$ cat run.txt   # compact mmCIF, C-alpha atoms
# COMPACT_ATOMS: atom_id res chain seq x y z
CA MET A 1 -40.14 -40.32 8.47
CA ASN A 2 -41.65 -39.94 5.06
CA LYS A 3 -39.87 -38.78 1.95
CA LEU A 4 -41.37 -35.30 2.17
CA SER A 5 -40.04 -34.55 5.65
CA VAL A 6 -36.57 -35.79 4.62
CA ALA A 7 -36.67 -33.44 1.67
CA VAL A 8 -37.83 -30.54 3.87
CA ILE A 9 -35.04 -31.16 6.39
CA ALA A 10 -32.49 -31.47 3.60
CA ILE A 11 -33.62 -28.18 2.09
CA ALA A 12 -33.66 -26.49 5.51
CA VAL A 13 -30.11 -27.66 6.31
CA PHE A 14 -28.91 -26.60 2.88
CA THR A 15 -30.47 -23.14 3.18
CA LEU A 16 -29.07 -22.60 6.66
CA THR A 17 -25.51 -23.50 5.63
CA ALA A 18 -25.68 -21.66 2.32
CA PHE A 19 -27.04 -18.39 3.65
CA LYS A 20 -25.41 -18.31 7.05
CA PRO A 21 -23.34 -15.10 7.23
CA SER A 22 -19.99 -16.66 6.30
CA ALA A 23 -17.99 -15.73 9.44
CA SER A 24 -18.63 -12.14 8.25
CA LYS A 25 -15.03 -11.09 7.76
CA LEU A 26 -14.48 -7.34 7.47
CA ILE A 27 -12.28 -5.99 4.69
CA SER A 28 -10.50 -2.71 4.06
CA LYS A 29 -8.80 -2.22 0.71
CA ASP A 30 -7.65 1.33 1.36
CA ALA A 31 -6.30 1.43 4.88
CA HIS A 32 -3.90 4.29 5.60
CA ILE A 33 -0.48 3.78 7.16
CA SER A 34 1.94 6.63 7.68
CA PHE A 35 5.29 6.80 9.31
CA PHE A 36 7.18 9.61 10.86
CA SER A 37 10.84 9.94 11.63
CA HIS A 38 12.13 12.76 13.74
CA THR A 39 15.75 13.84 14.16
CA ALA A 40 17.37 17.16 14.97
CA VAL A 41 18.30 17.46 11.28
CA GLU A 42 14.93 16.79 9.68
CA ASP A 43 11.45 15.31 9.96
CA ILE A 44 10.43 12.71 7.41
CA THR A 45 6.85 11.60 6.73
CA ALA A 46 5.55 9.00 4.29
CA ASN A 47 1.96 7.99 3.53
CA ASN A 48 0.44 4.83 2.11
CA TYR A 49 -3.27 4.66 1.21
CA LYS A 50 -3.26 1.22 -0.41
CA VAL A 51 -2.99 -1.10 2.56
CA VAL A 52 -5.26 -4.16 2.53
CA SER A 53 -6.58 -5.44 5.85
CA THR A 54 -9.03 -8.00 7.14
CA LEU A 55 -10.63 -8.22 10.58
CA ASN A 56 -12.71 -11.17 11.70
CA PRO A 57 -15.05 -10.09 14.53
CA THR A 58 -15.78 -13.72 15.43
CA THR A 59 -12.20 -14.92 15.88
CA GLY A 60 -10.43 -11.57 16.40
CA ASP A 61 -7.98 -12.32 13.59
CA ILE A 62 -6.39 -9.24 12.06
CA VAL A 63 -4.20 -9.15 8.96
CA TYR A 64 -2.46 -6.24 7.24
CA SER A 65 -0.82 -6.49 3.84
CA VAL A 66 1.25 -3.42 2.99
CA PRO A 67 2.39 -2.69 -0.59
CA MET A 68 5.79 -1.18 0.21
CA GLN A 69 6.21 0.85 -2.99
CA SER A 70 3.02 2.78 -2.18
CA PHE A 71 4.74 4.84 0.52
CA GLU A 72 4.86 8.39 -0.82
CA PHE A 73 7.49 10.84 0.47
CA ASP A 74 7.70 14.59 0.00
CA LYS A 75 11.10 14.33 -1.58
CA ALA A 76 11.63 12.09 -4.60
CA LEU A 77 15.21 11.31 -3.65
CA MET A 78 14.15 10.12 -0.21
CA GLN A 79 11.58 7.83 -1.81
CA LYS A 80 14.27 6.37 -4.07
CA HIS A 81 16.55 5.71 -1.11
CA TYR A 82 13.73 4.13 0.90
CA ASN A 83 12.90 1.74 -1.97
CA SER A 84 16.52 0.87 -2.80
CA SER A 85 18.23 -2.40 -1.97
CA LYS A 86 20.21 -0.64 0.81
CA PHE A 87 17.03 0.11 2.77
CA LEU A 88 13.65 -1.60 2.24
CA ASP A 89 14.54 -3.38 -1.02
CA THR A 90 10.95 -3.13 -2.22
CA LYS A 91 11.55 -4.87 -5.53
CA LYS A 92 12.63 -8.00 -3.71
CA TYR A 93 10.16 -7.56 -0.84
CA PRO A 94 7.12 -5.78 -2.35
CA LYS A 95 4.88 -6.38 0.67
CA ALA A 96 5.13 -6.19 4.43
CA LYS A 97 2.68 -8.14 6.52
CA PHE A 98 1.15 -8.20 9.97
CA THR A 99 -0.83 -11.19 11.19
CA GLY A 100 -2.31 -11.09 14.64
CA LYS A 101 -5.27 -11.25 16.94
CA ILE A 102 -7.32 -9.10 19.26
CA SER A 103 -6.20 -10.84 22.43
CA ASP A 104 -9.04 -9.47 24.58
CA LEU A 105 -11.83 -9.96 22.08
CA ALA A 106 -14.50 -9.87 24.81
CA SER A 107 -13.75 -6.17 25.39
CA VAL A 108 -15.04 -5.25 21.93
CA ASP A 109 -18.74 -5.36 21.10
CA PHE A 110 -18.94 -5.24 17.31
CA THR A 111 -22.72 -5.02 17.44
CA LYS A 112 -22.87 -1.88 19.59
CA ASP A 113 -21.74 1.63 18.68
CA GLY A 114 -18.80 2.73 20.75
CA SER A 115 -15.06 3.14 21.05
CA TYR A 116 -13.16 0.16 22.43
CA GLU A 117 -9.57 -0.22 23.57
CA ALA A 118 -8.19 -3.54 22.40
CA ASP A 119 -4.91 -5.38 22.80
CA ILE A 120 -3.44 -6.61 19.56
CA THR A 121 -0.72 -9.24 19.50
CA GLY A 122 0.92 -10.73 16.47
CA ASN A 123 3.88 -10.75 14.15
CA LEU A 124 5.13 -8.11 11.75
CA THR A 125 7.25 -9.10 8.79
CA ILE A 126 9.24 -6.45 6.95
CA LYS A 127 11.76 -7.61 4.36
CA ASP A 128 12.65 -11.09 5.62
CA LYS A 129 12.62 -10.23 9.33
CA THR A 130 9.71 -11.08 11.62
CA ASN A 131 9.19 -9.59 15.08
CA PRO A 132 6.41 -9.85 17.65
CA ILE A 133 4.10 -6.86 18.07
CA ASN A 134 2.10 -6.02 21.20
CA GLU A 135 0.09 -2.85 20.87
CA LYS A 136 -3.08 -1.14 21.95
CA ALA A 137 -5.58 -0.19 19.25
CA THR A 138 -8.84 1.71 19.27
CA ILE A 139 -11.69 -0.06 17.55
CA THR A 140 -14.62 2.16 16.75
CA VAL A 141 -18.07 0.92 15.84
CA LYS A 142 -20.33 3.58 14.41
CA ASP A 143 -23.60 2.90 12.61
CA GLY A 144 -22.40 -0.66 12.19
CA LYS A 145 -19.18 0.48 10.50
CA VAL A 146 -15.96 -0.74 12.11
CA SER A 147 -12.67 1.14 12.04
CA LEU A 148 -9.33 0.58 13.72
CA ASN A 149 -6.75 3.16 14.80
CA THR A 150 -3.38 2.48 16.29
CA LYS A 151 0.00 4.07 16.77
CA MET A 152 3.24 2.24 17.44
CA ASN A 153 6.95 2.72 17.40
CA LEU A 154 9.14 0.46 15.32
CA ALA A 155 12.87 0.09 15.74
CA LEU A 156 14.35 -0.05 12.24
CA GLY A 157 17.23 -2.16 13.51
CA ASP A 158 14.78 -4.98 14.33
CA TYR A 159 14.13 -5.32 10.61
CA GLY A 160 17.75 -5.24 9.52
CA ILE A 161 17.63 -1.59 8.48
CA THR A 162 20.77 -0.05 9.90
CA PHE A 163 22.84 2.92 8.93
CA SER A 164 26.52 2.73 9.65
CA GLY A 165 27.30 6.29 8.66
CA GLY A 166 26.73 9.19 6.32
CA LYS A 167 23.57 11.22 5.93
CA PRO A 168 21.03 8.47 6.78
CA SER A 169 22.57 7.89 10.18
CA THR A 170 22.05 11.52 11.16
CA ASN A 171 18.79 12.22 9.25
CA ILE A 172 16.74 9.11 9.96
CA ALA A 173 15.55 8.23 13.45
CA LYS A 174 16.43 4.79 14.80
CA GLU A 175 12.83 4.44 15.90
CA ILE A 176 9.95 5.58 13.72
CA ALA A 177 6.33 6.26 14.65
CA VAL A 178 3.79 4.31 12.63
CA THR A 179 0.11 5.34 12.46
CA VAL A 180 -2.57 2.97 11.17
CA LYS A 181 -6.15 3.75 10.22
CA ALA A 182 -8.41 1.18 8.61
CA ILE A 183 -12.10 1.60 7.81
CA TYR A 184 -13.70 -1.77 7.21
CA GLN A 185 -16.53 -2.87 4.95
CA GLN A 186 -18.59 -6.03 5.16
CA GLU A 187 -17.16 -8.69 2.85
CA MET B 1 52.56 35.96 -11.92
CA LYS B 2 51.96 34.33 -8.57
CA LYS B 3 48.84 36.47 -8.03
CA LYS B 4 47.43 35.35 -11.37
CA LYS B 5 47.94 31.72 -10.44
CA ILE B 6 46.10 32.18 -7.14
CA LYS B 7 43.29 33.95 -8.97
CA ILE B 8 42.90 31.03 -11.37
CA ILE B 9 42.94 28.48 -8.54
CA VAL B 10 40.37 30.46 -6.55
CA GLY B 11 38.25 30.86 -9.67
CA VAL B 12 38.31 27.11 -10.39
CA LEU B 13 37.47 26.33 -6.77
CA VAL B 14 34.52 28.73 -6.76
CA LEU B 15 33.21 27.21 -10.01
CA LEU B 16 33.58 23.70 -8.57
CA LEU B 17 31.77 24.69 -5.41
CA VAL B 18 28.90 26.27 -7.36
CA GLY B 19 28.68 23.21 -9.58
CA VAL B 20 28.71 20.71 -6.73
CA SER B 21 26.17 22.64 -4.67
CA GLY B 22 24.01 22.95 -7.77
CA VAL B 23 24.01 19.19 -8.22
CA VAL B 24 23.37 18.59 -4.52
CA TYR B 25 20.56 21.14 -4.53
CA TYR B 26 19.00 19.52 -7.61
CA LEU B 27 19.22 15.99 -6.16
CA PHE B 28 17.81 17.09 -2.83
CA ASN B 29 14.85 18.84 -4.41
CA MET B 30 14.48 16.52 -7.38
CA PRO B 31 10.81 16.47 -8.38
CA HIS B 32 8.75 13.27 -8.39
CA ARG B 33 8.44 11.52 -11.72
CA ASN B 34 5.45 12.82 -13.69
CA ILE B 35 3.74 9.52 -14.42
CA GLN B 36 1.19 10.90 -16.87
CA GLU B 37 3.81 12.71 -18.96
CA ALA B 38 6.23 9.80 -18.94
CA LYS B 39 6.31 7.12 -21.63
CA THR B 40 4.04 4.09 -21.14
CA ASP B 41 6.14 0.94 -20.67
CA TYR B 42 3.40 -1.64 -21.23
CA SER B 43 -0.12 -1.56 -22.60
CA ILE B 44 -2.04 -4.53 -21.27
CA SER B 45 -5.51 -5.69 -20.28
CA SER B 46 -6.46 -6.11 -16.61
CA SER B 47 -7.07 -9.84 -17.19
CA GLU B 48 -3.63 -10.32 -18.78
CA ILE B 49 -1.62 -8.69 -16.01
CA VAL B 50 -3.59 -10.49 -13.30
CA LYS B 51 -2.94 -13.76 -15.12
CA GLU B 52 0.80 -13.01 -15.38
CA TYR B 53 0.90 -12.49 -11.61
CA LEU B 54 -1.15 -15.57 -10.76
CA VAL B 55 1.03 -17.77 -13.01
CA ASP B 56 4.35 -16.57 -11.55
CA ALA B 57 4.57 -13.55 -9.26
CA THR B 58 8.38 -13.63 -9.12
CA ILE B 59 8.73 -13.34 -12.90
CA ALA B 60 6.03 -10.63 -13.01
CA ASN B 61 7.71 -8.62 -10.23
CA GLU B 62 11.02 -8.89 -12.07
CA LYS B 63 9.32 -7.48 -15.17
CA TYR B 64 7.22 -4.71 -13.61
CA LEU B 65 8.89 -3.53 -10.39
CA GLU B 66 12.01 -1.37 -10.24
CA GLU B 67 14.59 -1.31 -7.49
CA GLU B 68 14.30 2.37 -6.54
CA GLY B 69 10.50 2.37 -6.68
CA ASP B 70 10.32 3.92 -10.15
CA SER B 71 8.38 0.91 -11.36
CA LYS B 72 6.87 0.40 -14.79
CA ILE B 73 4.22 2.76 -16.17
CA LEU B 74 1.25 0.81 -17.48
CA ALA B 75 -1.82 1.57 -19.57
CA VAL B 76 -4.34 -1.02 -18.40
CA THR B 77 -7.59 -1.66 -20.23
CA GLY B 78 -10.45 -3.29 -18.38
CA LYS B 79 -14.02 -3.22 -17.24
CA ILE B 80 -14.92 -0.90 -14.33
CA CYS B 81 -16.02 -3.08 -11.40
CA THR B 82 -16.18 -0.48 -8.61
CA ILE B 83 -15.62 3.25 -8.14
CA SER B 84 -14.73 4.42 -4.62
CA GLU B 85 -12.69 6.97 -2.69
CA ASP B 86 -9.76 6.41 -0.34
CA GLN B 87 -8.92 8.14 2.95
CA ASN B 88 -6.97 10.80 1.06
CA ASN B 89 -10.08 11.67 -1.04
CA GLN B 90 -8.51 10.08 -4.10
CA LYS B 91 -10.77 8.20 -6.50
CA VAL B 92 -10.12 4.47 -6.76
CA ILE B 93 -11.31 2.47 -9.76
CA LEU B 94 -11.14 -1.30 -9.79
CA LEU B 95 -10.74 -2.75 -13.26
CA LYS B 96 -11.80 -6.35 -13.08
CA ASP B 97 -13.40 -8.79 -15.41
CA THR B 98 -16.26 -10.71 -13.81
CA SER B 99 -14.54 -14.01 -14.61
CA ASP B 100 -11.20 -12.97 -13.02
CA LYS B 101 -10.12 -13.74 -9.45
CA ALA B 102 -8.42 -10.36 -9.03
CA GLY B 103 -8.32 -7.01 -10.78
CA VAL B 104 -6.27 -3.83 -11.04
CA SER B 105 -6.94 -1.20 -8.37
CA CYS B 106 -6.22 2.26 -9.82
CA THR B 107 -5.81 5.23 -7.48
CA PHE B 108 -6.18 8.69 -9.01
CA THR B 109 -4.75 11.96 -7.64
CA GLU B 110 -6.16 15.29 -6.53
CA ALA B 111 -5.34 16.57 -10.03
CA THR B 112 -6.90 13.64 -11.92
CA ASN B 113 -9.93 12.81 -9.70
CA GLY B 114 -12.12 14.82 -12.07
CA SER B 115 -11.43 12.41 -14.95
CA THR B 116 -13.52 9.74 -13.21
CA LYS B 117 -16.70 11.84 -13.13
CA GLU B 118 -18.14 10.56 -16.40
CA LEU B 119 -17.23 6.91 -15.76
CA THR B 120 -19.83 4.27 -14.97
CA ILE B 121 -19.62 0.74 -13.65
CA GLY B 122 -19.40 -1.86 -16.42
CA GLN B 123 -17.75 0.57 -18.85
CA THR B 124 -14.44 -0.44 -20.48
CA VAL B 125 -11.64 2.11 -20.06
CA THR B 126 -7.87 2.42 -20.33
CA ILE B 127 -6.13 3.82 -17.26
CA LYS B 128 -2.49 4.86 -17.10
CA GLY B 129 -0.51 4.76 -13.87
CA VAL B 130 2.53 3.37 -12.08
CA ILE B 131 2.43 -0.18 -10.74
CA ARG B 132 3.16 -0.56 -6.99
CA SER B 133 2.50 -4.27 -6.39
CA GLY B 134 1.06 -7.34 -8.04
CA ALA B 135 -1.94 -9.62 -7.65
CA GLY B 136 -2.03 -12.89 -5.81
CA PHE B 137 -3.84 -15.11 -3.34
CA ASP B 138 -2.88 -14.32 0.24
CA ALA B 139 -3.50 -17.20 2.61
CA ASP B 140 -3.54 -14.95 5.71
CA LEU B 141 -6.05 -12.51 4.25
CA ASP B 142 -7.81 -15.54 2.76
CA MET B 143 -8.53 -13.57 -0.40
CA TYR B 144 -7.06 -12.43 -3.70
CA GLU B 145 -5.20 -9.14 -3.72
CA ASP B 146 -5.45 -6.83 -6.73
CA VAL B 147 -2.64 -5.33 -8.78
CA ILE B 148 -2.07 -1.82 -7.40
CA MET B 149 -1.57 1.21 -9.62
CA GLU B 150 -1.26 4.82 -8.44
CA LYS B 151 -0.96 8.32 -9.93
CA CYS B 152 -3.61 7.25 -12.40
CA ASP B 153 -5.55 9.05 -15.10
CA VAL B 154 -7.90 7.96 -17.86
CA VAL B 155 -6.28 7.59 -21.27
CA ASN B 156 -8.37 9.28 -23.96
CA GLU B 157 -8.01 7.65 -27.35

$ encode --input "run.txt" --output "structure tokens"
Amino acid sequence: MNKLSVAVIAIAVFTLTAFKPSASKLISKDAHISFFSHTAVEDITANNYKVVSTLNPTTGDIVYSVPMQSFEFDKALMQKHYNSSKFLDTKKYPKAKFTGKISDLASVDFTKDGSYEADITGNLTIKDKTNPINEKATITVKDGKVSLNTKMNLALGDYGITFSGGKPSTNIAKEIAVTVKAIYQQE
Amino acid sequence: MKKKKIKIIVGVLVLLLVGVSGVVYYLFNMPHRNIQEAKTDYSISSSEIVKEYLVDATIANEKYLEEEGDSKILAVTGKICTISEDQNNQKVILLKDTSDKAGVSCTFTEATNGSTKELTIGQTVTIKGVIRSGAGFDADLDMYEDVIMEKCDVVNE
């Protein structure tokens, strides 16, 4: 092997590693999460448009990072209660996090337009409590753009949020419905 | 004499009831804080606040976040890196210096979206809003997260 061919191979290897699409992780910096609580007394909704999420189509890894103070309620007083140390304690725990995987990755074809049902498994941490999550999600590929929609129910008690009495115990459901919508961009 | 006494008692009770229900009604329907009309707590550059968070997030959270969610109101000056729109049709401006690892993501409102019309990428602006969370490297996301501000508007000097 002469010097030239060594140089050519070296350059070729370098170019291939440098310009290989780096695992092409998908990112969403403005995913939307809302939650809904229904009781006979009242319905409560809150919306958060500042959720950060990543999805790796190669490994199926999914992460959600949720800035807890970004949940916006209709009523200011409700928002104060939600943030306070008695409930979500958002000063001490400013972010909630989900880390998980698409467990049946083969059922999603990220290169082909379509709507795919996927099983997501992982762990959700709110405050300092972590619980396993097992949910179905819809992954949509349209014109190469990937989005994820899912709906799940969370039991507040699992995350140490309990109401022993008073207004919260009658006005806030023990189980709340959480809706997630993320539209991803190429990194 | 006795009748008069009863009248006074009833009168006091009615006043109390009106007062208490007034307070309850106010609390229940208390409006959200008007971020743009409220006093600015800190004026800072996007690089400075990101640095504060990367040095020690606990100290920065102690300084900027408030227990009931009424966190500090900031006027952040920085270079416009991106202009986008979120799922609620709110404009989002990322203030980030090219040499910084993270920036400040500023979400506008339906009422203030218009203020972003004249802005261009690379321009230096000051944006006022309420801080929701800080910057930092997240090992799970494998990327830096930006400082988050909401209810934003451009500050005109």

$ residues_around --input "run.txt" --residues "segment 51-61 of chain B" --least-positions-apart "4" --cutoff "7 Å" --atoms "all atoms listed in the file" --output "ChimeraX atom specification"
/B:47,65,134-136

$ interface_residues --input "run.txt" --of "chain B" --to "chain A" --cutoff "9 Å" --atoms "only C-alpha atoms" --output "PyMOL selection string"
chain B and resi 27-33+58+61-62+65-71+85-88+107+131-134+138+140-142+145+148-150

$ residues_around --input "run.txt" --residues "segment 103-120 of chain A" --least-positions-apart "3" --cutoff "8 Å" --atoms "all atoms listed in the file" --output "PyMOL selection string"
chain A and resi 57+59-60+100+133-144+146

$ write_last_selection --input "run.txt" --atoms "C-alpha atoms" --output "mmCIF file, in the frame of the given file"
data_model
loop_
_atom_site.group_PDB
_atom_site.id
_atom_site.type_symbol
_atom_site.label_atom_id
_atom_site.label_comp_id
_atom_site.auth_asym_id
_atom_site.auth_seq_id
_atom_site.Cartn_x
_atom_site.Cartn_y
_atom_site.Cartn_z
ATOM 1 C CA PRO A 57 -15.050 -10.090 14.530
ATOM 2 C CA THR A 59 -12.200 -14.920 15.880
ATOM 3 C CA GLY A 60 -10.430 -11.570 16.400
ATOM 4 C CA GLY A 100 -2.310 -11.090 14.640
ATOM 5 C CA ILE A 133 4.100 -6.860 18.070
ATOM 6 C CA ASN A 134 2.100 -6.020 21.200
ATOM 7 C CA GLU A 135 0.090 -2.850 20.870
ATOM 8 C CA LYS A 136 -3.080 -1.140 21.950
ATOM 9 C CA ALA A 137 -5.580 -0.190 19.250
ATOM 10 C CA THR A 138 -8.840 1.710 19.270
ATOM 11 C CA ILE A 139 -11.690 -0.060 17.550
ATOM 12 C CA THR A 140 -14.620 2.160 16.750
ATOM 13 C CA VAL A 141 -18.070 0.920 15.840
ATOM 14 C CA LYS A 142 -20.330 3.580 14.410
ATOM 15 C CA ASP A 143 -23.600 2.900 12.610
ATOM 16 C CA GLY A 144 -22.400 -0.660 12.190
ATOM 17 C CA VAL A 146 -15.960 -0.740 12.110
#

$ atom_distance --input "run.txt" --atom1 "atom CA of Gln186 of chain A" --atom2 "atom CA of Asn56 of chain A"
10.2 Å

$ closest_residue --input "run.txt" --among "B:Ile73, B:Val154, B:Val125, B:Met143" --to "Ile35 of chain B" --atoms "only C-alpha atoms"
B:Ile73

$ residues_near_point --input "run.txt" --point "(-10.7, -8.5, -7.3)" --cutoff "7 Å" --atoms "all atoms listed in the file" --output "list in words"
Lys96, Lys101, Ala102, Gly103, Tyr144, Glu145 and Asp146 of chain B

$ atom_distance --input "run.txt" --atom1 "atom CA of Leu26 of chain A" --atom2 "atom CA of Leu119 of chain B"
27.4 Å
